[in-house]
Amino acid sequence: MLDTKIFNDTKHAFILKDNDDLKRSLFIFSMMNIPFFVPVSTVALNVALSIKLPIQPLIKKTIFKQFCGGETQEETLPLIKLMYTKNVHSVLDYSVEGKETEEDFDKAAETKIEIIKFASTAKELPFAVAKPTGLGRFEIWEKVSAEAVLTDKETEEWDRIQARLYSIAEAAVKYDTKLLIDAEESWMQKAADDLCFRLMQEFNKEKTYVYNTLQCYRWDRLSYVKEIHEYAQANNFRLGFKIVRGAYMEKENKRAKKMGYPTPICEDKEATDVNFNATMGYCINNIDDISLFIGTHNEVSTYMALQSMEQKGIPLDDDRVWFGQLYGMSDHITYNIAKENSNAIKLLPFGPVKDVVPYLIRRAQENSSVQGQTGRELALLREEKDRRDGQYVKRIE
C-alpha cells in the first residue's frame, strides 16, 4: 500500500537542486506569490523587450532557468540525463509561441519532426508534443470548428495545417515516439478533436502513438470520452488521452458571457476536480483500450490514480499510464512517484530566450491564477531550505 505521505519527502523532491538552485526557486515563487506582481512585471517585461533593453541575460538566469531546459535540444541533454538518474523522463517542447506566417508554421512542423527523431535516440524521451495553433492560424481552426464556409485560400490553408499534423504523427509512428497534441480554447477545439480522432483511428492500431488532450474544466469531456470510446471499440483502435484541468478558464467564461452562450466550463474548482477525477477513473478502468497521460500538479488526483492502479493490479510502471508535471514545478510529485517506480515525466520547454518569453509569461500567469499552487510550491521550498539549514547547524556543532 502506498504511503499517504508520499509527497512530503522534500529531501528527495529537491535532490537535484543545489543550494543556489533552491534559493533561485524560492525567490521566483516568492515574487509570484505577491499580489499584482505578475501582471505588473508582465507589462514591464514587454515594454523592456519592445524598446530592446538588454534584459535577456537576466531572464535566462532567473525565470528561464526555472521553467526551461535550454535554448537548443543539445543544451537540454545534460539536464535530461540528470533527471533520468532519478527515474524521471522528459518530453521536449519547443515553446516558441505567437508565430503567424506559413513559413513559421512549416518551420514549427519541421522542428517537431526533428525533435521526434532526436527523442527516438534517447530512452529518456518517450514523448513528443505538438500545439495545433503552432501549425496554423487560430482563425482557421476556429472557422473549421464552427463549420463555417472557407474561402478557396482558407481551404488550402486548412489542407496545409492537416498535412503538417499528419506528417508529425507519421514521424511519431516511424520513430516509435508517442505524440501529445495540446488542447486550446473551446471555440477552436472541435477541429483539433476531430483531426486527433482521425489520427488515432489511423495510427493507434497495435500501439498508442497519438494522444489528444482533454481539458477537464470543460464539463462535457467525460461524455466525449465515453462516446468515442464506444466507436473505437467497435472499430478496433486504441485511444490516447492526456488529461489536464485546463488553462483558459477566465477567457472561456468571459467569452461565453459576452456572446450569450452557456459556458463550457465547470461551475467551480470543486466541480472541475470531480470531472478530472471521473475522467481519469474512466480511462484507468478501461486501460486495455485507453492509454493515459495524467498531466496534473494535484496531489489528491495523483494519489487517487496510483491507488486505483494498485487496486486493479496495474503495475505502477505500466507504459499505458504516465504522470507528467511541468519542469520547474511540483518536484515533490514527480520525484517522489518516480522513486516508487511510476512513469514520471517532466514537460521540458526549450527555445531561444527572446522567443520563449510569451511561454514564460503564460507560465507565470497560470501559476499565480491557480488557487494555492504558488503557495504550495513556496511552502515546500522553505521546508527543504529549513531542513538543509538544520543539517548544516548540526554538522558545525
# chains A, B, ... in the order shown; residues from 1 in each chain; ligands from 1

call {"tool": "residues_around", "arguments": {"residues": "A:Pro39", "least_positions_apart": "5", "cutoff": "10 Å", "atoms": "only C-alpha atoms", "output": "ChimeraX atom specification"}}
result
/A:32,44-45,361,364-365,368

call {"tool": "select_by_dssp", "arguments": {"residues": "stretch 100-289 of chain A", "states": "strand (DSSP E)", "output": "list of chain:residue names"}}
result
A:Phe127, A:Ala128, A:Val129, A:Ala130, A:Lys178, A:Leu179, A:Leu180, A:Ile181, A:Val210, A:Tyr211, A:Asn212, A:Thr213, A:Leu214, A:Gln215, A:Leu239, A:Gly240, A:Phe241, A:Lys242, A:Ile243, A:Val244

call {"tool": "residues_around", "arguments": {"residues": "stretch 305-321 of chain A", "least_positions_apart": "5", "cutoff": "8 Å", "atoms": "only C-alpha atoms", "output": "MDAnalysis selection string"}}
result
chainID A and resid 1:2 280:281 284 287 290:294 340:343

call {"tool": "select_by_dssp", "arguments": {"residues": "stretch 178-259 of chain A", "states": "alpha helix (DSSP H)", "output": "PyMOL selection string"}}
result
chain A and resi 186-203+221-235+249-259

call {"tool": "write_last_selection", "arguments": {"atoms": "N, CA and C atoms", "output": "tab-separated table (two decimals), in the first residue's frame"}}
result
chain	number	residue	atom	x	y	z
A	186	SER	N	-11.92	26.48	-26.40
A	186	SER	CA	-13.02	25.60	-26.82
A	186	SER	C	-13.53	25.94	-28.21
A	187	TRP	N	-13.45	27.21	-28.61
A	187	TRP	CA	-14.04	27.59	-29.90
A	187	TRP	C	-13.15	27.23	-31.09
A	188	MET	N	-11.96	26.66	-30.83
A	188	MET	CA	-11.17	26.09	-31.92
A	188	MET	C	-10.96	24.59	-31.73
A	189	GLN	N	-11.46	24.06	-30.60
A	189	GLN	CA	-11.07	22.71	-30.20
A	189	GLN	C	-11.77	21.61	-30.99
A	190	LYS	N	-12.97	21.86	-31.49
A	190	LYS	CA	-13.67	20.80	-32.22
A	190	LYS	C	-12.87	20.34	-33.44
A	191	ALA	N	-12.29	21.29	-34.15
A	191	ALA	CA	-11.48	20.93	-35.32
A	191	ALA	C	-10.27	20.10	-34.89
A	192	ALA	N	-9.65	20.48	-33.77
A	192	ALA	CA	-8.49	19.73	-33.27
A	192	ALA	C	-8.92	18.34	-32.80
A	193	ASP	N	-10.05	18.27	-32.09
A	193	ASP	CA	-10.56	16.97	-31.63
A	193	ASP	C	-10.83	16.03	-32.81
A	194	ASP	N	-11.49	16.57	-33.83
A	194	ASP	CA	-11.84	15.74	-34.99
A	194	ASP	C	-10.59	15.24	-35.72
A	195	LEU	N	-9.60	16.11	-35.84
A	195	LEU	CA	-8.37	15.72	-36.52
A	195	LEU	C	-7.59	14.70	-35.68
A	196	CYS	N	-7.52	14.93	-34.38
A	196	CYS	CA	-6.86	13.96	-33.50
A	196	CYS	C	-7.55	12.60	-33.56
A	197	PHE	N	-8.87	12.63	-33.60
A	197	PHE	CA	-9.64	11.39	-33.67
A	197	PHE	C	-9.28	10.60	-34.93
A	198	ARG	N	-9.18	11.31	-36.07
A	198	ARG	CA	-8.82	10.63	-37.32
A	198	ARG	C	-7.40	10.07	-37.25
A	199	LEU	N	-6.50	10.81	-36.63
A	199	LEU	CA	-5.12	10.34	-36.48
A	199	LEU	C	-5.06	9.11	-35.59
A	200	MET	N	-5.83	9.11	-34.50
A	200	MET	CA	-5.86	7.94	-33.62
A	200	MET	C	-6.42	6.73	-34.36
A	201	GLN	N	-7.46	6.96	-35.14
A	201	GLN	CA	-8.08	5.86	-35.88
A	201	GLN	C	-7.09	5.25	-36.87
A	202	GLU	N	-6.24	6.09	-37.46
A	202	GLU	CA	-5.29	5.59	-38.45
A	202	GLU	C	-4.04	4.98	-37.83
A	203	PHE	N	-3.52	5.62	-36.76
A	203	PHE	CA	-2.20	5.24	-36.27
A	203	PHE	C	-2.21	4.40	-34.99
A	221	ARG	N	-16.31	16.80	-21.17
A	221	ARG	CA	-15.20	15.94	-21.60
A	221	ARG	C	-15.40	14.46	-21.28
A	222	LEU	N	-16.02	14.15	-20.16
A	222	LEU	CA	-16.23	12.74	-19.83
A	222	LEU	C	-17.20	12.09	-20.82
A	223	SER	N	-18.27	12.78	-21.14
A	223	SER	CA	-19.22	12.23	-22.11
A	223	SER	C	-18.57	12.09	-23.49
A	224	TYR	N	-17.67	13.03	-23.83
A	224	TYR	CA	-16.94	12.94	-25.10
A	224	TYR	C	-16.07	11.68	-25.13
A	225	VAL	N	-15.36	11.41	-24.04
A	225	VAL	CA	-14.52	10.22	-23.96
A	225	VAL	C	-15.35	8.95	-24.12
A	226	LYS	N	-16.47	8.89	-23.40
A	226	LYS	CA	-17.31	7.69	-23.46
A	226	LYS	C	-17.84	7.47	-24.88
A	227	GLU	N	-18.21	8.55	-25.55
A	227	GLU	CA	-18.78	8.44	-26.89
A	227	GLU	C	-17.75	7.89	-27.88
A	228	ILE	N	-16.55	8.45	-27.89
A	228	ILE	CA	-15.58	7.98	-28.88
A	228	ILE	C	-14.95	6.65	-28.45
A	229	HIS	N	-14.98	6.35	-27.15
A	229	HIS	CA	-14.51	5.04	-26.71
A	229	HIS	C	-15.38	3.94	-27.31
A	230	GLU	N	-16.67	4.16	-27.32
A	230	GLU	CA	-17.59	3.18	-27.89
A	230	GLU	C	-17.28	2.96	-29.38
A	231	TYR	N	-17.00	4.05	-30.08
A	231	TYR	CA	-16.68	3.94	-31.51
A	231	TYR	C	-15.34	3.22	-31.71
A	232	ALA	N	-14.35	3.55	-30.89
A	232	ALA	CA	-13.03	2.94	-31.02
A	232	ALA	C	-13.10	1.43	-30.76
A	233	GLN	N	-13.90	1.03	-29.78
A	233	GLN	CA	-14.05	-0.40	-29.51
A	233	GLN	C	-14.64	-1.13	-30.72
A	234	ALA	N	-15.62	-0.49	-31.34
A	234	ALA	CA	-16.29	-1.12	-32.48
A	234	ALA	C	-15.41	-1.16	-33.72
A	235	ASN	N	-14.39	-0.28	-33.77
A	235	ASN	CA	-13.57	-0.17	-34.97
A	235	ASN	C	-12.10	-0.55	-34.73
A	249	MET	N	-9.66	29.34	-18.27
A	249	MET	CA	-10.97	29.47	-17.62
A	249	MET	C	-11.54	30.88	-17.71
A	250	GLU	N	-10.76	31.87	-17.32
A	250	GLU	CA	-11.27	33.25	-17.32
A	250	GLU	C	-11.66	33.69	-18.73
A	251	LYS	N	-10.82	33.35	-19.70
A	251	LYS	CA	-11.09	33.70	-21.09
A	251	LYS	C	-12.37	33.02	-21.60
A	252	GLU	N	-12.53	31.74	-21.23
A	252	GLU	CA	-13.70	30.97	-21.67
A	252	GLU	C	-14.99	31.57	-21.09
A	253	ASN	N	-14.99	31.83	-19.80
A	253	ASN	CA	-16.20	32.37	-19.16
A	253	ASN	C	-16.53	33.77	-19.67
A	254	LYS	N	-15.51	34.57	-19.87
A	254	LYS	CA	-15.72	35.94	-20.36
A	254	LYS	C	-16.32	35.93	-21.76
A	255	ARG	N	-15.81	35.06	-22.63
A	255	ARG	CA	-16.32	34.99	-23.99
A	255	ARG	C	-17.76	34.47	-24.02
A	256	ALA	N	-18.04	33.44	-23.20
A	256	ALA	CA	-19.39	32.88	-23.16
A	256	ALA	C	-20.40	33.94	-22.71
A	257	LYS	N	-20.02	34.71	-21.72
A	257	LYS	CA	-20.91	35.77	-21.22
A	257	LYS	C	-21.12	36.85	-22.27
A	258	LYS	N	-20.05	37.25	-22.92
A	258	LYS	CA	-20.12	38.31	-23.94
A	258	LYS	C	-20.98	37.89	-25.12
A	259	MET	N	-20.86	36.62	-25.53
A	259	MET	CA	-21.55	36.16	-26.73
A	259	MET	C	-22.88	35.47	-26.44

call {"tool": "residues_around", "arguments": {"residues": "A:Leu326", "least_positions_apart": "4", "cutoff": "10 Å", "atoms": "only C-alpha atoms", "output": "ChimeraX atom specification"}}
result
/A:67-68,90-91,295-297,330-331,334,345-349,363

call {"tool": "residues_around", "arguments": {"residues": "A:Phe14", "least_positions_apart": "5", "cutoff": "10 Å", "atoms": "only C-alpha atoms", "output": "JSON, numbers by chain"}}
result
{"A": [9, 19, 21, 22, 330, 331, 332, 335, 336, 380, 381, 384, 385]}
